file work-v5.cif (mmCIF, C-alpha atoms and all ligand atoms)
data_run
loop_
_atom_site.label_atom_id
_atom_site.label_comp_id
_atom_site.auth_asym_id
_atom_site.auth_seq_id
_atom_site.Cartn_x
_atom_site.Cartn_y
_atom_site.Cartn_z
CA MET P 1 10.58 15.65 4.47
CA LEU P 2 6.87 16.48 4.72
CA ARG P 3 4.93 18.32 2.02
CA GLU P 4 1.25 19.11 2.00
CA HIS P 5 -0.73 19.10 -1.26
CA ASP P 6 -4.22 20.59 -1.20
CA HIS P 7 -6.93 19.01 -3.39
CA GLY P 8 -10.03 20.69 -1.95
CA ALA P 9 -11.65 18.28 0.51
CA ILE P 10 -8.63 15.97 0.24
CA VAL P 11 -5.21 16.86 1.66
CA ARG P 12 -2.38 14.68 0.36
CA VAL P 13 0.60 14.54 2.68
CA GLU P 14 3.90 13.55 1.07
CA LEU P 15 6.49 11.98 3.32
CA ALA P 16 10.00 10.79 2.54
CA ARG P 17 13.39 10.30 4.09
CA THR P 18 15.99 12.38 2.26
CA PHE P 19 19.66 11.64 1.69
CA LEU P 20 21.94 14.60 0.80
CA GLY P 21 18.83 16.54 -0.13
CA HIS P 22 17.43 13.81 -2.38
CA VAL P 23 14.18 11.97 -1.73
CA ILE P 24 14.88 8.22 -1.39
CA TYR P 25 11.29 7.05 -1.84
CA HIS P 26 8.05 8.78 -0.95
CA VAL P 27 4.68 7.76 0.41
CA TYR P 28 1.37 9.62 0.67
CA CYS P 29 -1.05 9.86 3.58
CA TYR P 30 -4.43 11.52 3.27
CA LEU P 31 -6.36 13.87 5.53
CA ILE P 32 -10.08 14.08 4.77
CA ASP P 33 -12.53 15.94 7.04
CA GLY P 34 -10.56 15.21 10.22
CA LEU P 35 -9.70 11.61 9.28
CA LEU P 36 -5.99 10.93 8.78
CA ILE P 37 -5.40 7.79 6.72
CA ASP P 38 -1.92 6.30 7.27
CA THR P 39 0.94 7.97 9.10
CA GLY P 40 4.13 7.66 7.00
CA PRO P 41 7.39 5.97 7.94
CA PRO P 42 9.26 6.00 11.28
CA ALA P 43 11.91 8.31 9.76
CA THR P 44 9.37 11.16 9.44
CA ALA P 45 7.31 10.40 12.58
CA ALA P 46 8.41 13.59 14.40
CA ALA P 47 7.64 15.79 11.37
CA MET P 48 4.27 14.07 11.02
CA ALA P 49 3.43 14.61 14.71
CA ARG P 50 4.33 18.33 14.47
CA TRP P 51 2.25 18.74 11.33
CA ALA P 52 -0.71 16.78 12.77
CA ALA P 53 -0.71 18.84 16.00
CA ALA P 54 -1.59 21.94 13.96
CA ARG P 55 -4.44 20.23 12.06
CA ARG P 56 -7.97 19.31 13.07
CA ILE P 57 -7.57 15.53 13.29
CA ARG P 58 -10.33 13.50 14.95
CA ARG P 59 -9.22 9.99 14.11
CA VAL P 60 -6.29 8.14 12.56
CA VAL P 61 -6.76 4.95 10.53
CA LEU P 62 -4.10 2.61 9.10
CA THR P 63 -4.58 0.64 5.86
CA HIS P 64 -2.01 -2.03 6.88
CA HIS P 65 1.01 -2.56 9.12
CA HIS P 66 3.91 -1.86 6.69
CA GLU P 67 6.38 0.63 8.13
CA ASP P 68 5.79 3.36 5.55
CA HIS P 69 2.12 3.46 6.62
CA SER P 70 2.28 2.74 10.35
CA GLY P 71 5.63 4.32 11.30
CA GLY P 72 4.10 7.56 12.53
CA ALA P 73 1.37 5.81 14.54
CA PRO P 74 3.19 5.24 17.89
CA LEU P 75 4.06 8.94 18.24
CA LEU P 76 0.65 10.12 16.99
CA ALA P 77 -1.12 7.75 19.43
CA ARG P 78 0.82 9.37 22.28
CA SER P 79 0.68 12.98 21.11
CA LEU P 80 -2.69 13.55 19.42
CA GLY P 81 -5.12 12.15 21.99
CA VAL P 82 -7.46 10.79 19.30
CA PRO P 83 -8.32 7.16 18.44
CA VAL P 84 -5.74 5.43 16.23
CA GLU P 85 -7.51 2.51 14.54
CA ALA P 86 -6.35 -0.33 12.31
CA PRO P 87 -7.52 -3.73 11.04
CA ALA P 88 -7.38 -6.36 13.84
CA ALA P 89 -4.34 -8.11 12.30
CA THR P 90 -2.53 -4.75 12.05
CA VAL P 91 -3.28 -4.05 15.72
CA ARG P 92 -1.59 -7.38 16.58
CA VAL P 93 1.57 -6.56 14.57
CA LEU P 94 1.85 -3.04 16.02
CA ALA P 95 1.56 -4.42 19.57
CA ASN P 96 5.10 -5.77 19.12
CA PHE P 97 6.57 -4.68 15.80
CA PRO P 98 9.17 -7.20 14.52
CA ARG P 99 12.58 -6.07 13.27
CA ILE P 100 12.44 -5.34 9.54
CA PRO P 101 15.18 -6.13 6.95
CA ALA P 102 18.15 -3.77 6.69
CA TYR P 103 17.24 -2.24 3.31
CA ARG P 104 13.79 -1.30 4.63
CA ARG P 105 15.30 0.17 7.82
CA LEU P 106 17.52 2.29 5.57
CA VAL P 107 14.65 3.59 3.44
CA TRP P 108 12.01 4.05 6.15
CA GLY P 109 13.46 3.38 9.63
CA GLN P 110 12.59 0.67 12.18
CA PRO P 111 9.00 1.07 13.42
CA GLY P 112 8.11 1.11 17.10
CA SER P 113 5.16 -0.56 18.78
CA ALA P 114 1.84 0.98 19.77
CA GLU P 115 -1.47 -0.04 21.26
CA LEU P 116 -4.07 0.64 18.56
CA LYS P 117 -7.84 0.18 18.46
CA PRO P 118 -9.49 -2.30 16.07
CA LEU P 119 -11.16 -0.72 13.05
CA GLY P 120 -14.83 -1.54 12.38
CA ASP P 121 -16.54 -2.18 9.02
CA VAL P 122 -17.20 1.53 8.53
CA THR P 123 -15.41 4.69 9.60
CA GLU P 124 -17.27 8.00 9.57
CA THR P 125 -16.37 11.69 9.65
CA GLU P 126 -18.83 14.60 9.94
CA ARG P 127 -19.36 14.65 6.17
CA TYR P 128 -18.21 11.29 4.86
CA ARG P 129 -18.69 7.59 5.41
CA PHE P 130 -15.91 5.16 4.45
CA ARG P 131 -16.57 1.47 4.04
CA VAL P 132 -13.66 -0.75 5.09
CA VAL P 133 -12.90 -3.28 2.32
CA PRO P 134 -10.54 -6.22 3.13
CA THR P 135 -8.04 -6.45 0.25
CA PRO P 136 -5.26 -8.99 1.01
CA GLY P 137 -2.43 -9.99 -1.34
CA HIS P 138 0.09 -7.17 -0.81
CA ALA P 139 -0.28 -7.70 2.94
CA ALA P 140 -2.65 -10.09 4.71
CA ASP P 141 -4.06 -7.29 6.88
CA HIS P 142 -4.51 -4.76 4.04
CA VAL P 143 -7.79 -2.83 3.77
CA ALA P 144 -9.06 -0.17 1.39
CA LEU P 145 -11.51 2.60 2.37
CA PHE P 146 -14.39 3.47 0.05
CA GLU P 147 -16.52 6.63 0.21
CA GLU P 148 -19.41 5.58 -1.96
CA ARG P 149 -21.20 8.92 -2.52
CA GLU P 150 -18.02 10.67 -3.63
CA GLY P 151 -16.56 7.63 -5.40
CA TRP P 152 -13.27 8.00 -3.47
CA LEU P 153 -11.25 4.86 -2.97
CA VAL P 154 -8.27 4.95 -0.62
CA SER P 155 -6.39 1.97 -2.02
CA GLY P 156 -3.30 1.81 0.23
CA ASP P 157 -0.59 -0.21 -1.53
CA LEU P 158 -2.83 -2.29 -3.76
CA TYR P 159 -2.58 -0.23 -6.95
CA ILE P 160 0.81 1.61 -6.89
CA SER P 161 1.26 1.50 -10.69
CA PRO P 162 -0.74 0.26 -13.70
CA ARG P 163 2.27 -1.74 -14.87
CA ALA P 164 3.81 -3.00 -11.64
CA VAL P 165 6.56 -5.50 -12.49
CA TYR P 166 7.99 -6.30 -9.06
CA LEU P 167 6.63 -8.70 -6.47
CA ARG P 168 7.94 -9.91 -3.12
CA PRO P 169 7.92 -13.68 -2.42
CA VAL P 170 5.46 -13.12 0.44
CA GLU P 171 3.01 -11.37 -1.89
CA ASP P 172 0.59 -13.16 -4.11
CA ALA P 173 -0.31 -11.77 -7.53
CA TRP P 174 -3.53 -13.81 -7.79
CA THR P 175 -4.77 -12.66 -4.37
CA ILE P 176 -3.85 -9.09 -5.33
CA LEU P 177 -5.79 -9.54 -8.60
CA ALA P 178 -8.87 -10.79 -6.68
CA SER P 179 -8.62 -7.75 -4.39
CA LEU P 180 -8.21 -5.40 -7.37
CA GLU P 181 -11.31 -6.94 -8.96
CA ARG P 182 -13.25 -6.46 -5.71
CA LEU P 183 -12.27 -2.77 -5.79
CA ARG P 184 -13.04 -2.37 -9.51
CA ASP P 185 -16.53 -3.75 -8.87
CA LEU P 186 -17.17 -0.83 -6.48
CA HIS P 187 -16.89 1.48 -9.55
CA PRO P 188 -14.70 4.10 -7.85
CA LYS P 189 -14.14 7.49 -9.50
CA LEU P 190 -10.96 8.66 -7.79
CA LEU P 191 -8.14 6.50 -6.47
CA LEU P 192 -6.17 7.78 -3.49
CA CYS P 193 -3.03 5.65 -3.79
CA SER P 194 -0.17 5.66 -1.28
CA HIS P 195 2.49 5.89 -3.99
CA ALA P 196 0.81 7.06 -7.24
CA GLY P 197 -1.15 9.85 -5.53
CA LEU P 198 -4.58 10.80 -6.89
CA VAL P 199 -5.56 8.75 -9.93
CA ALA P 200 -8.63 9.95 -11.88
CA ASP P 201 -10.89 7.51 -13.73
CA ALA P 202 -10.20 4.97 -11.00
CA THR P 203 -12.27 2.09 -12.36
CA ARG P 204 -10.43 2.25 -15.70
CA ALA P 205 -7.08 2.46 -13.93
CA LEU P 206 -7.88 -0.68 -11.91
CA GLU P 207 -9.07 -2.44 -15.08
CA ARG P 208 -5.82 -1.56 -16.85
CA LYS P 209 -3.71 -3.05 -14.06
CA ILE P 210 -5.87 -6.21 -13.92
CA ALA P 211 -5.65 -6.61 -17.71
CA TYR P 212 -1.87 -6.06 -17.68
CA TRP P 213 -1.21 -8.80 -15.13
CA ARG P 214 -3.73 -11.20 -16.69
CA GLY P 215 -2.13 -10.64 -20.12
CA LEU P 216 1.31 -11.13 -18.61
CA ALA P 217 0.18 -14.41 -17.01
CA GLU P 218 -1.10 -15.66 -20.36
CA ARG P 219 2.12 -14.82 -22.22
CA ALA P 220 4.22 -16.27 -19.38
CA ARG P 221 2.26 -19.53 -19.58
CA GLN P 222 2.86 -19.77 -23.35
CA LEU P 223 6.60 -19.18 -22.97
CA ALA P 224 6.88 -21.61 -20.05
CA ALA P 225 4.95 -24.26 -22.04
CA ALA P 226 7.54 -23.81 -24.82
CA GLY P 227 10.29 -24.67 -22.31
CA GLY P 228 11.22 -21.25 -20.89
CA SER P 229 12.53 -21.04 -17.33
CA VAL P 230 11.12 -18.49 -14.86
CA ALA P 231 14.27 -16.37 -15.27
CA SER P 232 14.17 -16.44 -19.08
CA VAL P 233 10.41 -15.73 -19.23
CA ALA P 234 10.86 -12.79 -16.82
CA ARG P 235 13.72 -11.40 -18.88
CA ARG P 236 11.84 -11.80 -22.15
CA LEU P 237 8.60 -10.19 -20.90
CA LEU P 238 9.90 -7.61 -18.40
CA GLY P 239 13.57 -7.07 -19.20
CA ARG P 240 16.49 -7.39 -16.81
CA GLU P 241 16.04 -7.04 -13.06
CA GLY P 242 16.44 -3.36 -12.13
CA ALA P 243 17.65 -1.33 -9.13
CA MET P 244 14.73 -2.44 -6.94
CA ALA P 245 15.91 -6.07 -7.06
CA LEU P 246 19.48 -5.03 -6.34
CA ILE P 247 18.70 -2.74 -3.40
CA SER P 248 16.27 -5.22 -1.83
CA LEU P 249 18.67 -8.16 -2.37
CA GLY P 250 16.09 -9.86 -4.60
CA ASP P 251 13.15 -9.36 -2.23
CA PHE P 252 11.40 -7.26 -4.89
CA SER P 253 11.89 -8.91 -8.26
CA LYS P 254 10.42 -9.47 -11.71
CA ARG P 255 11.09 -13.19 -11.36
CA ASN P 256 8.86 -13.31 -8.26
CA LEU P 257 5.99 -11.83 -10.29
CA ILE P 258 6.45 -14.29 -13.19
CA ARG P 259 6.92 -17.27 -10.83
CA CYS P 260 3.66 -16.38 -9.10
CA LEU P 261 1.72 -15.75 -12.32
CA LEU P 262 2.83 -19.21 -13.55
CA GLU P 263 1.25 -20.85 -10.50
CA ASP P 264 -2.26 -22.29 -10.64
CA PRO P 265 -4.60 -19.40 -9.72
CA GLY P 266 -6.96 -21.91 -8.09
CA GLY P 267 -4.20 -23.38 -5.89
CA PRO P 268 -3.43 -22.47 -2.26
CA ARG P 269 -2.77 -18.76 -2.06
CA ARG P 270 -0.55 -16.49 0.02
CA LEU P 271 -2.15 -13.41 1.54
CA GLY P 272 0.98 -11.23 1.88
CA ASP P 273 3.05 -10.73 5.02
ZN ZN P 301 2.64 -1.95 2.02
#
call {"tool": "encode", "arguments": {"input": "work-v5.cif", "output": "structure tokens", "more": "lines below"}}
Ligand SMILES: [Zn+2]
result
Amino acid sequence: MLREHDHGAIVRVELARTFLGHVIYHVYCYLIDGLLIDTGPPATAAAMARWAAARRIRRVVLTHHHEDHSGGAPLLARSLGVPVEAPAATVRVLANFPRIPAYRRLVWGQPGSAELKPLGDVTETERYRFRVVPTPGHAADHVALFEEREGWLVSGDLYISPRAVYLRPVEDAWTILASLERLRDLHPKLLLCSHAGLVADATRALERKIAYWRGLAERARQLAAAGGSVASVARRLLGREGAMALISLGDFSKRNLIRCLLEDPGGPRRLGD
């Protein structure tokens, strides 16, 4: 499924695999002045290529290698005849994409490989200039794109929700927090998120998420100091594990978030996979 949403200079492209007419999970890509940011999952690659062929696209940029962002890239690289660029670490993953876990293949499809070009520190269109901001934590290769004059911040998968309660073991909440703080300090006006869509009052939204996780860390520390286990602290603060934990066989879980927030923020950090 591909749906286009027009927001003036910004086109939001909604992509999802459907099952019996129902959307399983969606992701957004953005087209701004000829620049396509992210390409959707492998499952919608053909729809994306057909849609892109009818648009004026001058360049494609990926925020990180995850399959719901890079899955359309191999076909677009072959069919569009424009540069497809990504952070250097993303280029390395796409050169030989590893097999992903079964639940992710089901939701998005297995990505193929592609030869991409390394992204510089800045990417420009005729009217806009996006600064590339390294923002690890969700994925080691993750970058955000910031258009300073407009205050637009393309935040990839870093924001997602102001009260995110799930974390994967390969992700690091403290590295994500540092990246969120780096983005907040840019004072963005509008967030262009891959899952939440357009979020107005972007700086406040980032502050709310930072405050939520920092508050959660503080309460988790108090409960753990009083003898609570990771599982009991997670249940007390966030409730029982939900469908996400079940479907992903525990890869996404509330316990992962609490376990990470109970670690020493100054200790050795993961950068995401
Ligand atoms: Zn991701």
call {"tool": "closest_atom_pairs", "arguments": {"input": "work-v5.cif", "of": "chain P", "to": "ligand ZN 301 (chain P)", "cutoff": "12 Å", "atoms": "all atoms listed in the file", "output": "Markdown table"}}
result
| residue | atom | partner | partner_atom | distance |
| --- | --- | --- | --- | --- |
| P:Val27 | CA | P:ZN301 | ZN | 10.1 |
| P:Tyr28 | CA | P:ZN301 | ZN | 11.7 |
| P:Asp38 | CA | P:ZN301 | ZN | 10.8 |
| P:Gly40 | CA | P:ZN301 | ZN | 10.9 |
| P:Pro41 | CA | P:ZN301 | ZN | 11.0 |
| P:Leu62 | CA | P:ZN301 | ZN | 10.8 |
| P:Thr63 | CA | P:ZN301 | ZN | 8.6 |
| P:His64 | CA | P:ZN301 | ZN | 6.7 |
| P:His65 | CA | P:ZN301 | ZN | 7.3 |
| P:His66 | CA | P:ZN301 | ZN | 4.8 |
| P:Glu67 | CA | P:ZN301 | ZN | 7.6 |
| P:Asp68 | CA | P:ZN301 | ZN | 7.1 |
| P:His69 | CA | P:ZN301 | ZN | 7.1 |
| P:Ser70 | CA | P:ZN301 | ZN | 9.6 |
| P:Gly71 | CA | P:ZN301 | ZN | 11.6 |
| P:Thr90 | CA | P:ZN301 | ZN | 11.6 |
| P:Arg104 | CA | P:ZN301 | ZN | 11.5 |
| P:Trp108 | CA | P:ZN301 | ZN | 11.9 |
| P:Thr135 | CA | P:ZN301 | ZN | 11.7 |
| P:Pro136 | CA | P:ZN301 | ZN | 10.6 |
| P:Gly137 | CA | P:ZN301 | ZN | 10.1 |
| P:His138 | CA | P:ZN301 | ZN | 6.5 |
| P:Ala139 | CA | P:ZN301 | ZN | 6.5 |
| P:Ala140 | CA | P:ZN301 | ZN | 10.1 |
| P:Asp141 | CA | P:ZN301 | ZN | 9.9 |
| P:His142 | CA | P:ZN301 | ZN | 7.9 |
| P:Val143 | CA | P:ZN301 | ZN | 10.6 |
| P:Ala144 | CA | P:ZN301 | ZN | 11.9 |
| P:Ser155 | CA | P:ZN301 | ZN | 10.6 |
| P:Gly156 | CA | P:ZN301 | ZN | 7.3 |
| P:Asp157 | CA | P:ZN301 | ZN | 5.1 |
| P:Leu158 | CA | P:ZN301 | ZN | 8.0 |
| P:Tyr159 | CA | P:ZN301 | ZN | 10.5 |
| P:Ile160 | CA | P:ZN301 | ZN | 9.8 |
| P:Leu167 | CA | P:ZN301 | ZN | 11.6 |
| P:Arg168 | CA | P:ZN301 | ZN | 10.9 |
| P:Val170 | CA | P:ZN301 | ZN | 11.6 |
| P:Glu171 | CA | P:ZN301 | ZN | 10.2 |
| P:Cys193 | CA | P:ZN301 | ZN | 11.1 |
| P:Ser194 | CA | P:ZN301 | ZN | 8.8 |
| P:His195 | CA | P:ZN301 | ZN | 9.9 |
| P:Gly272 | CA | P:ZN301 | ZN | 9.4 |
| P:Asp273 | CA | P:ZN301 | ZN | 9.3 |
call {"tool": "closest_residue", "arguments": {"input": "work-v5.cif", "among": "P:Glu218, P:Asp201, P:Glu241, P:Glu85", "to": "Lys117 of chain P", "atoms": "all atoms listed in the file"}}
result
P:Glu85
call {"tool": "residues_around", "arguments": {"input": "work-v5.cif", "residues": "Ala234 of chain P", "least_positions_apart": "3", "cutoff": "10 Å", "atoms": "only C-alpha atoms", "output": "PyMOL selection string"}}
result
chain P and resi 165+216+220+223+228-231+237-241+253-259
call {"tool": "atom_distance", "arguments": {"input": "work-v5.cif", "atom1": "atom CA of Val199 of chain P", "atom2": "atom CA of Cys29 of chain P"}}
result
14.3 Å
call {"tool": "residues_near_point", "arguments": {"input": "work-v5.cif", "point": "(-15.6, 3.5, 5.5)", "cutoff": "6 Å", "atoms": "all atoms listed in the file", "output": "list in words"}}
result
Val122, Thr123, Arg129, Phe130, Arg131, Val132, Leu145 and Phe146 of chain P
call {"tool": "atom_distance", "arguments": {"input": "work-v5.cif", "atom1": "atom CA of Ala200 of chain P", "atom2": "atom CA of His26 of chain P"}}
result
20.0 Å
call {"tool": "residues_around", "arguments": {"input": "work-v5.cif", "residues": "Pro42 of chain P", "least_positions_apart": "4", "cutoff": "6 Å", "atoms": "only C-alpha atoms", "output": "list in words"}}
result
Gly71, Gly72, Gly109 and Pro111 of chain P
call {"tool": "residues_around", "arguments": {"input": "work-v5.cif", "residues": "Leu198 of chain P", "least_positions_apart": "6", "cutoff": "12 Å", "atoms": "only C-alpha atoms", "output": "list in words"}}
result
His5, Asp6, His7, Ile10, Val11, Arg12, Val13, Glu14, Tyr28, Cys29, Tyr30, Trp152, Leu153, Val154, Ser155, Gly156, Tyr159, Ile160, Ser161, Lys189, Leu190, Leu191, Leu192 and Ala205 of chain P
call {"tool": "atom_distance", "arguments": {"input": "work-v5.cif", "atom1": "atom CA of Ala86 of chain P", "atom2": "atom CA of Ile37 of chain P"}}
result
9.9 Å
call {"tool": "closest_residue", "arguments": {"input": "work-v5.cif", "among": "P:Leu36, P:Ala164, P:Ala245, P:Ala224", "to": "Ala211 of chain P", "atoms": "all atoms listed in the file"}}
result
P:Ala164
call {"tool": "closest_residue", "arguments": {"input": "work-v5.cif", "among": "P:Pro101, P:Leu31, P:Thr39, P:Arg92", "to": "Leu76 of chain P", "atoms": "all atoms listed in the file"}}
result
P:Thr39
call {"tool": "closest_residue", "arguments": {"input": "work-v5.cif", "among": "P:Lys209, P:Arg221, P:Arg149, P:Asp121", "to": "His187 of chain P", "atoms": "all atoms listed in the file"}}
result
P:Arg149
call {"tool": "closest_residue", "arguments": {"input": "work-v5.cif", "among": "P:Val23, P:Ala45, P:Ala95, P:Val133", "to": "Glu115 of chain P", "atoms": "all atoms listed in the file"}}
result
P:Ala95
call {"tool": "closest_residue", "arguments": {"input": "work-v5.cif", "among": "P:Pro188, P:Pro87, P:Gly81, P:Pro169", "to": "Val61 of chain P", "atoms": "only C-alpha atoms"}}
result
P:Pro87
call {"tool": "axis_aligned_box", "arguments": {"input": "work-v5.cif", "around": "segment 251-260 of chain P", "padding_each_side": "5 Å", "output": "lines of an AutoDock Vina configuration file"}}
result
center_x = 8.4
center_y = -12.3
center_z = -7.7
size_x = 19.5
size_y = 20.0
size_z = 21.0
call {"tool": "decode", "arguments": {"input": "work-v5.cif", "residues": "segment 37-111 of chain P", "atoms": "C-alpha atoms", "output": "PDB file, in the first residue's frame"}}
result
ATOM      1  CA  ILE P  37      14.292  10.666   2.055  1.00  0.00           C
ATOM      2  CA  ASP P  38      14.002   6.914   2.755  1.00  0.00           C
ATOM      3  CA  THR P  39      12.415   4.352   0.473  1.00  0.00           C
ATOM      4  CA  GLY P  40      10.047   2.141   2.513  1.00  0.00           C
ATOM      5  CA  PRO P  41      10.206  -1.615   3.017  1.00  0.00           C
ATOM      6  CA  PRO P  42      11.041  -4.367   0.497  1.00  0.00           C
ATOM      7  CA  ALA P  43       7.361  -5.413   0.438  1.00  0.00           C
ATOM      8  CA  THR P  44       6.353  -2.106  -1.222  1.00  0.00           C
ATOM      9  CA  ALA P  45       9.498  -1.596  -3.354  1.00  0.00           C
ATOM     10  CA  ALA P  46       7.653  -2.099  -6.674  1.00  0.00           C
ATOM     11  CA  ALA P  47       4.865   0.335  -5.697  1.00  0.00           C
ATOM     12  CA  MET P  48       7.496   2.841  -4.576  1.00  0.00           C
ATOM     13  CA  ALA P  49       9.421   2.527  -7.861  1.00  0.00           C
ATOM     14  CA  ARG P  50       6.223   3.069  -9.895  1.00  0.00           C
ATOM     15  CA  TRP P  51       5.275   6.089  -7.809  1.00  0.00           C
ATOM     16  CA  ALA P  52       8.813   7.551  -7.934  1.00  0.00           C
ATOM     17  CA  ALA P  53       9.021   7.173 -11.732  1.00  0.00           C
ATOM     18  CA  ALA P  54       6.166   9.669 -12.090  1.00  0.00           C
ATOM     19  CA  ARG P  55       7.738  12.235  -9.725  1.00  0.00           C
ATOM     20  CA  ARG P  56      10.579  14.697 -10.168  1.00  0.00           C
ATOM     21  CA  ILE P  57      13.204  12.999  -8.000  1.00  0.00           C
ATOM     22  CA  ARG P  58      16.809  14.185  -8.235  1.00  0.00           C
ATOM     23  CA  ARG P  59      18.354  12.302  -5.343  1.00  0.00           C
ATOM     24  CA  VAL P  60      17.494   9.623  -2.801  1.00  0.00           C
ATOM     25  CA  VAL P  61      18.937   9.636   0.723  1.00  0.00           C
ATOM     26  CA  LEU P  62      18.611   6.984   3.453  1.00  0.00           C
ATOM     27  CA  THR P  63      18.561   7.822   7.177  1.00  0.00           C
ATOM     28  CA  HIS P  64      19.781   4.317   8.176  1.00  0.00           C
ATOM     29  CA  HIS P  65      19.907   0.730   6.930  1.00  0.00           C
ATOM     30  CA  HIS P  66      16.787  -0.771   8.592  1.00  0.00           C
ATOM     31  CA  GLU P  67      14.594  -2.593   6.084  1.00  0.00           C
ATOM     32  CA  ASP P  68      11.577  -0.289   6.403  1.00  0.00           C
ATOM     33  CA  HIS P  69      13.791   2.616   5.276  1.00  0.00           C
ATOM     34  CA  SER P  70      16.170   0.992   2.791  1.00  0.00           C
ATOM     35  CA  GLY P  71      13.962  -1.743   1.284  1.00  0.00           C
ATOM     36  CA  GLY P  72      13.008   0.289  -1.769  1.00  0.00           C
ATOM     37  CA  ALA P  73      16.585   1.427  -2.451  1.00  0.00           C
ATOM     38  CA  PRO P  74      17.879  -1.479  -4.622  1.00  0.00           C
ATOM     39  CA  LEU P  75      15.005  -1.119  -7.113  1.00  0.00           C
ATOM     40  CA  LEU P  76      15.119   2.698  -7.070  1.00  0.00           C
ATOM     41  CA  ALA P  77      18.910   2.644  -7.641  1.00  0.00           C
ATOM     42  CA  ARG P  78      18.325   0.528 -10.761  1.00  0.00           C
ATOM     43  CA  SER P  79      15.205   2.259 -12.067  1.00  0.00           C
ATOM     44  CA  LEU P  80      15.512   5.987 -11.299  1.00  0.00           C
ATOM     45  CA  GLY P  81      18.980   6.792 -12.615  1.00  0.00           C
ATOM     46  CA  VAL P  82      19.651   9.297  -9.808  1.00  0.00           C
ATOM     47  CA  PRO P  83      22.202   9.120  -6.962  1.00  0.00           C
ATOM     48  CA  VAL P  84      21.073   7.004  -3.994  1.00  0.00           C
ATOM     49  CA  GLU P  85      23.110   8.131  -0.988  1.00  0.00           C
ATOM     50  CA  ALA P  86      23.430   6.898   2.591  1.00  0.00           C
ATOM     51  CA  PRO P  87      25.751   7.202   5.606  1.00  0.00           C
ATOM     52  CA  ALA P  88      29.017   5.268   5.026  1.00  0.00           C
ATOM     53  CA  ALA P  89      28.034   2.516   7.504  1.00  0.00           C
ATOM     54  CA  THR P  90      24.656   2.137   5.752  1.00  0.00           C
ATOM     55  CA  VAL P  91      26.413   1.806   2.385  1.00  0.00           C
ATOM     56  CA  ARG P  92      28.443  -1.088   3.857  1.00  0.00           C
ATOM     57  CA  VAL P  93      25.331  -2.933   5.134  1.00  0.00           C
ATOM     58  CA  LEU P  94      23.441  -2.468   1.849  1.00  0.00           C
ATOM     59  CA  ALA P  95      26.405  -3.865  -0.108  1.00  0.00           C
ATOM     60  CA  ASN P  96      25.477  -7.285   1.292  1.00  0.00           C
ATOM     61  CA  PHE P  97      22.279  -7.104   3.332  1.00  0.00           C
ATOM     62  CA  PRO P  98      22.185  -9.818   6.042  1.00  0.00           C
ATOM     63  CA  ARG P  99      19.128 -12.016   6.547  1.00  0.00           C
ATOM     64  CA  ILE P 100      16.735 -10.407   9.020  1.00  0.00           C
ATOM     65  CA  PRO P 101      14.669 -12.219  11.723  1.00  0.00           C
ATOM     66  CA  ALA P 102      11.447 -13.955  10.663  1.00  0.00           C
ATOM     67  CA  TYR P 103       9.028 -11.512  12.330  1.00  0.00           C
ATOM     68  CA  ARG P 104      10.664  -8.596  10.492  1.00  0.00           C
ATOM     69  CA  ARG P 105      10.566 -10.496   7.180  1.00  0.00           C
ATOM     70  CA  LEU P 106       6.846 -10.980   7.783  1.00  0.00           C
ATOM     71  CA  VAL P 107       6.154  -7.305   8.479  1.00  0.00           C
ATOM     72  CA  TRP P 108       8.477  -5.730   5.900  1.00  0.00           C
ATOM     73  CA  GLY P 109      10.081  -8.393   3.663  1.00  0.00           C
ATOM     74  CA  GLN P 110      13.747  -9.390   3.268  1.00  0.00           C
ATOM     75  CA  PRO P 111      15.802  -6.510   1.820  1.00  0.00           C
TER      76      PRO P 111
END
